[in-house]
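Quick notes on the structure that follows.
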Amino acid sequence: ATRWAEAFARELPPVQDDGGLEACRRCGLWQAATQAVPGEGPAGAALMLVGEQPGDQEDLAGRAFVGPAGQLLDRAMKEAGIERTECYVTNAVKHFKFTPRGKRRIHQSPDAGEIEHCRWWLTKEIATVRPRLIVALGATAGRSLLRRPVAVMRERGAVLATGSDYRVVLTVHPSFLLRLPDAERKAAEYERFVADLRLAAAAAA
Ligand code: URA
């Protein structure tokens, strides 16, 4: 785990309900996952970032965005002038969804029902942190925050109003960038991603 995660886990305790997030049985994803992964960051953070769900490494570590996607996110945030330790970073879905293949666990996207059930936790985090702006990293986070299916490539790059008291900047998920095979396209998409983060930081200031 990275140092920022340890430092900021102390500032804001994980969201609690009867038994807390770890005891959540709102959907079936808890059964195969190692543990629920809460968000981390200071209460009162101006900027919140929401990913899809914990990946393989996050599931084992119990911390959001500590694997390869998290490292890319770290780099892009730095480039956008955003201090990760000042942000609240979480996921739309708190358990890792996967299918086993040999020794590997292959990521599966959460379905609409799982996103809906887990929004209960995300809503609690938003109410606690009260961010000025939320970055939705990818379609799952976008769907959860905007409460409708989203078209990331069409709706990105703008500050979106929602029916709730937060605004959203929708952008791609860092895993999308990791998967791009073409180096030139990857570089261009990375720059667009950094530009979206800059826009979000400016809107949250
Ligand atoms: N992908 C996500 O959406 N969230 C994580 O925490 C890690 C990878």
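Following the order of the structure tokens, first chain is A, next is B, and so on, with residues numbered from 1 inside each chain and ligands from 1 in the order they appear.
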Selection within 12 Å of ligand 1 by only C-alpha atoms and all ligand atoms, output as a PyMOL selection string:
chain A and resi 1+5+36-40+49-74+89-97+107-110+136-142+172-178
Would you return as a ChimeraX atom specification the members of segment 68-193 of chain A that DSSP assigns to alpha helix (DSSP H) on this structure's backbone?
/A:68-79,112-129,139-146,152-155,174-179,183-193
Counting only C-alpha atoms, the residue of A:Arg156, A:Gly163, A:Tyr88, A:Glu189 that sits nearest Glu125 of chain A
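So, comparing all the options, the nearest one is A:Tyr88.
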Quick one: residues within 6 Å of Cys87 of chain A, only C-alpha atoms counted, chain neighbours fewer than 5 positions away excluded, as a count of residues only?
4
Expressed in Å, the length from atom CA of Arg132 of chain A to atom CA of Val168 of chain A is 9.2 Å
Among the residues of segment 4-203 of chain A, find those DSSP assigns to strand (DSSP E or B) from the backbone and print them as a PyMOL selection string.
chain A and resi 40+47-51+88-91+98-101+104-107+133-137+159-161+167-171
Taking 6 positions as the minimum chain separation for residues in the same chain, which residues sit within 12 Å of Leu146 of chain A when counting only C-alpha atoms? Answer as a PyMOL selection string.
chain A and resi 92+115-116+119+123+134-136+138-140+152+155+160-170
Since we have the selection now, will you write its residues out, keeping N, CA and C atoms, as a PDB file, in the first residue's frame?
```pdb
ATOM      1  N   ALA A  92     -17.424   2.952  -7.135  1.00  0.00           N
ATOM      2  CA  ALA A  92     -18.888   2.849  -7.198  1.00  0.00           C
ATOM      3  C   ALA A  92     -19.362   1.555  -6.553  1.00  0.00           C
ATOM      4  N   ILE A 115     -24.504  -2.045  -9.112  1.00  0.00           N
ATOM      5  CA  ILE A 115     -24.182  -0.609  -9.027  1.00  0.00           C
ATOM      6  C   ILE A 115     -25.231   0.107  -8.174  1.00  0.00           C
ATOM      7  N   GLU A 116     -26.469  -0.243  -8.416  1.00  0.00           N
ATOM      8  CA  GLU A 116     -27.590   0.369  -7.692  1.00  0.00           C
ATOM      9  C   GLU A 116     -27.522   0.039  -6.191  1.00  0.00           C
ATOM     10  N   ARG A 119     -24.745   1.899  -4.499  1.00  0.00           N
ATOM     11  CA  ARG A 119     -24.851   3.356  -4.452  1.00  0.00           C
ATOM     12  C   ARG A 119     -25.203   3.831  -3.040  1.00  0.00           C
ATOM     13  N   THR A 123     -23.420   7.079  -1.648  1.00  0.00           N
ATOM     14  CA  THR A 123     -24.215   8.213  -1.186  1.00  0.00           C
ATOM     15  C   THR A 123     -23.802   8.629   0.227  1.00  0.00           C
ATOM     16  N   ILE A 134     -17.181  15.880  -8.258  1.00  0.00           N
ATOM     17  CA  ILE A 134     -16.831  14.457  -8.281  1.00  0.00           C
ATOM     18  C   ILE A 134     -16.380  14.062  -9.679  1.00  0.00           C
ATOM     19  N   VAL A 135     -15.239  13.405  -9.774  1.00  0.00           N
ATOM     20  CA  VAL A 135     -14.764  12.858 -11.044  1.00  0.00           C
ATOM     21  C   VAL A 135     -15.254  11.421 -11.143  1.00  0.00           C
ATOM     22  N   ALA A 136     -16.013  11.139 -12.191  1.00  0.00           N
ATOM     23  CA  ALA A 136     -16.454   9.771 -12.456  1.00  0.00           C
ATOM     24  C   ALA A 136     -15.469   9.138 -13.424  1.00  0.00           C
ATOM     25  N   GLY A 138     -14.908   6.522 -15.679  1.00  0.00           N
ATOM     26  CA  GLY A 138     -15.518   5.453 -16.470  1.00  0.00           C
ATOM     27  C   GLY A 138     -17.029   5.362 -16.325  1.00  0.00           C
ATOM     28  N   ALA A 139     -17.599   4.435 -17.096  1.00  0.00           N
ATOM     29  CA  ALA A 139     -19.053   4.335 -17.256  1.00  0.00           C
ATOM     30  C   ALA A 139     -19.764   3.850 -15.989  1.00  0.00           C
ATOM     31  N   THR A 140     -19.132   2.969 -15.223  1.00  0.00           N
ATOM     32  CA  THR A 140     -19.790   2.467 -14.011  1.00  0.00           C
ATOM     33  C   THR A 140     -19.972   3.594 -12.998  1.00  0.00           C
ATOM     34  N   VAL A 152     -19.422   7.837 -22.137  1.00  0.00           N
ATOM     35  CA  VAL A 152     -18.238   8.528 -21.626  1.00  0.00           C
ATOM     36  C   VAL A 152     -17.597   9.428 -22.685  1.00  0.00           C
ATOM     37  N   GLU A 155     -19.801  12.554 -23.357  1.00  0.00           N
ATOM     38  CA  GLU A 155     -20.164  13.456 -22.254  1.00  0.00           C
ATOM     39  C   GLU A 155     -18.972  13.937 -21.431  1.00  0.00           C
ATOM     40  N   LEU A 160     -20.902  18.466 -15.409  1.00  0.00           N
ATOM     41  CA  LEU A 160     -22.294  18.050 -15.544  1.00  0.00           C
ATOM     42  C   LEU A 160     -23.065  18.300 -14.251  1.00  0.00           C
ATOM     43  N   ALA A 161     -24.229  18.909 -14.396  1.00  0.00           N
ATOM     44  CA  ALA A 161     -25.110  19.065 -13.239  1.00  0.00           C
ATOM     45  C   ALA A 161     -25.809  17.730 -13.011  1.00  0.00           C
ATOM     46  N   THR A 162     -26.148  17.442 -11.755  1.00  0.00           N
ATOM     47  CA  THR A 162     -26.901  16.219 -11.454  1.00  0.00           C
ATOM     48  C   THR A 162     -28.150  16.632 -10.691  1.00  0.00           C
ATOM     49  N   GLY A 163     -29.042  15.705 -10.469  1.00  0.00           N
ATOM     50  CA  GLY A 163     -30.234  16.001  -9.659  1.00  0.00           C
ATOM     51  C   GLY A 163     -29.880  16.206  -8.191  1.00  0.00           C
ATOM     52  N   SER A 164     -28.649  15.867  -7.821  1.00  0.00           N
ATOM     53  CA  SER A 164     -28.224  15.970  -6.418  1.00  0.00           C
ATOM     54  C   SER A 164     -27.328  17.196  -6.243  1.00  0.00           C
ATOM     55  N   ASP A 165     -26.855  17.409  -5.003  1.00  0.00           N
ATOM     56  CA  ASP A 165     -26.095  18.643  -4.758  1.00  0.00           C
ATOM     57  C   ASP A 165     -24.601  18.474  -5.045  1.00  0.00           C
ATOM     58  N   TYR A 166     -24.267  17.719  -6.054  1.00  0.00           N
ATOM     59  CA  TYR A 166     -22.871  17.645  -6.500  1.00  0.00           C
ATOM     60  C   TYR A 166     -22.828  17.701  -8.024  1.00  0.00           C
ATOM     61  N   ARG A 167     -21.721  18.181  -8.543  1.00  0.00           N
ATOM     62  CA  ARG A 167     -21.505  18.203  -9.985  1.00  0.00           C
ATOM     63  C   ARG A 167     -20.476  17.127 -10.335  1.00  0.00           C
ATOM     64  N   VAL A 168     -20.488  16.723 -11.589  1.00  0.00           N
ATOM     65  CA  VAL A 168     -19.660  15.591 -12.013  1.00  0.00           C
ATOM     66  C   VAL A 168     -18.871  15.947 -13.265  1.00  0.00           C
ATOM     67  N   VAL A 169     -17.596  15.549 -13.278  1.00  0.00           N
ATOM     68  CA  VAL A 169     -16.836  15.510 -14.531  1.00  0.00           C
ATOM     69  C   VAL A 169     -16.626  14.045 -14.864  1.00  0.00           C
ATOM     70  N   LEU A 170     -17.138  13.656 -16.020  1.00  0.00           N
ATOM     71  CA  LEU A 170     -17.036  12.276 -16.469  1.00  0.00           C
ATOM     72  C   LEU A 170     -15.785  12.141 -17.346  1.00  0.00           C
TER      73      LEU A 170
END
```
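Nearest to Ala33 of chain A of all the residues A:Lys78, A:His117, A:Arg105, A:Arg148 is A:Arg105, counting only C-alpha atoms.
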Residue with smallest distance to Ala200 of chain A - pool A:Leu21, A:Ala112, A:Ile82, A:Val150, counting only C-alpha atoms:
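Closest candidate: A:Ile82.
With atom CA of Arg130 of chain A on one side and atom CA of Arg143 of chain A on the other, the separation reads 19.3 Å.
If you measure from each of A:Gly81, A:Ala202, A:Lys124, A:Arg25 to Ala46 of chain A using only C-alpha atoms, the closest one turns out to be A:Ala202.
Counting only C-alpha atoms and comparing A:Ile126, A:Asp196, A:Lys186, A:Ala201, the residue that lies closest to Met153 of chain A is A:Asp196.
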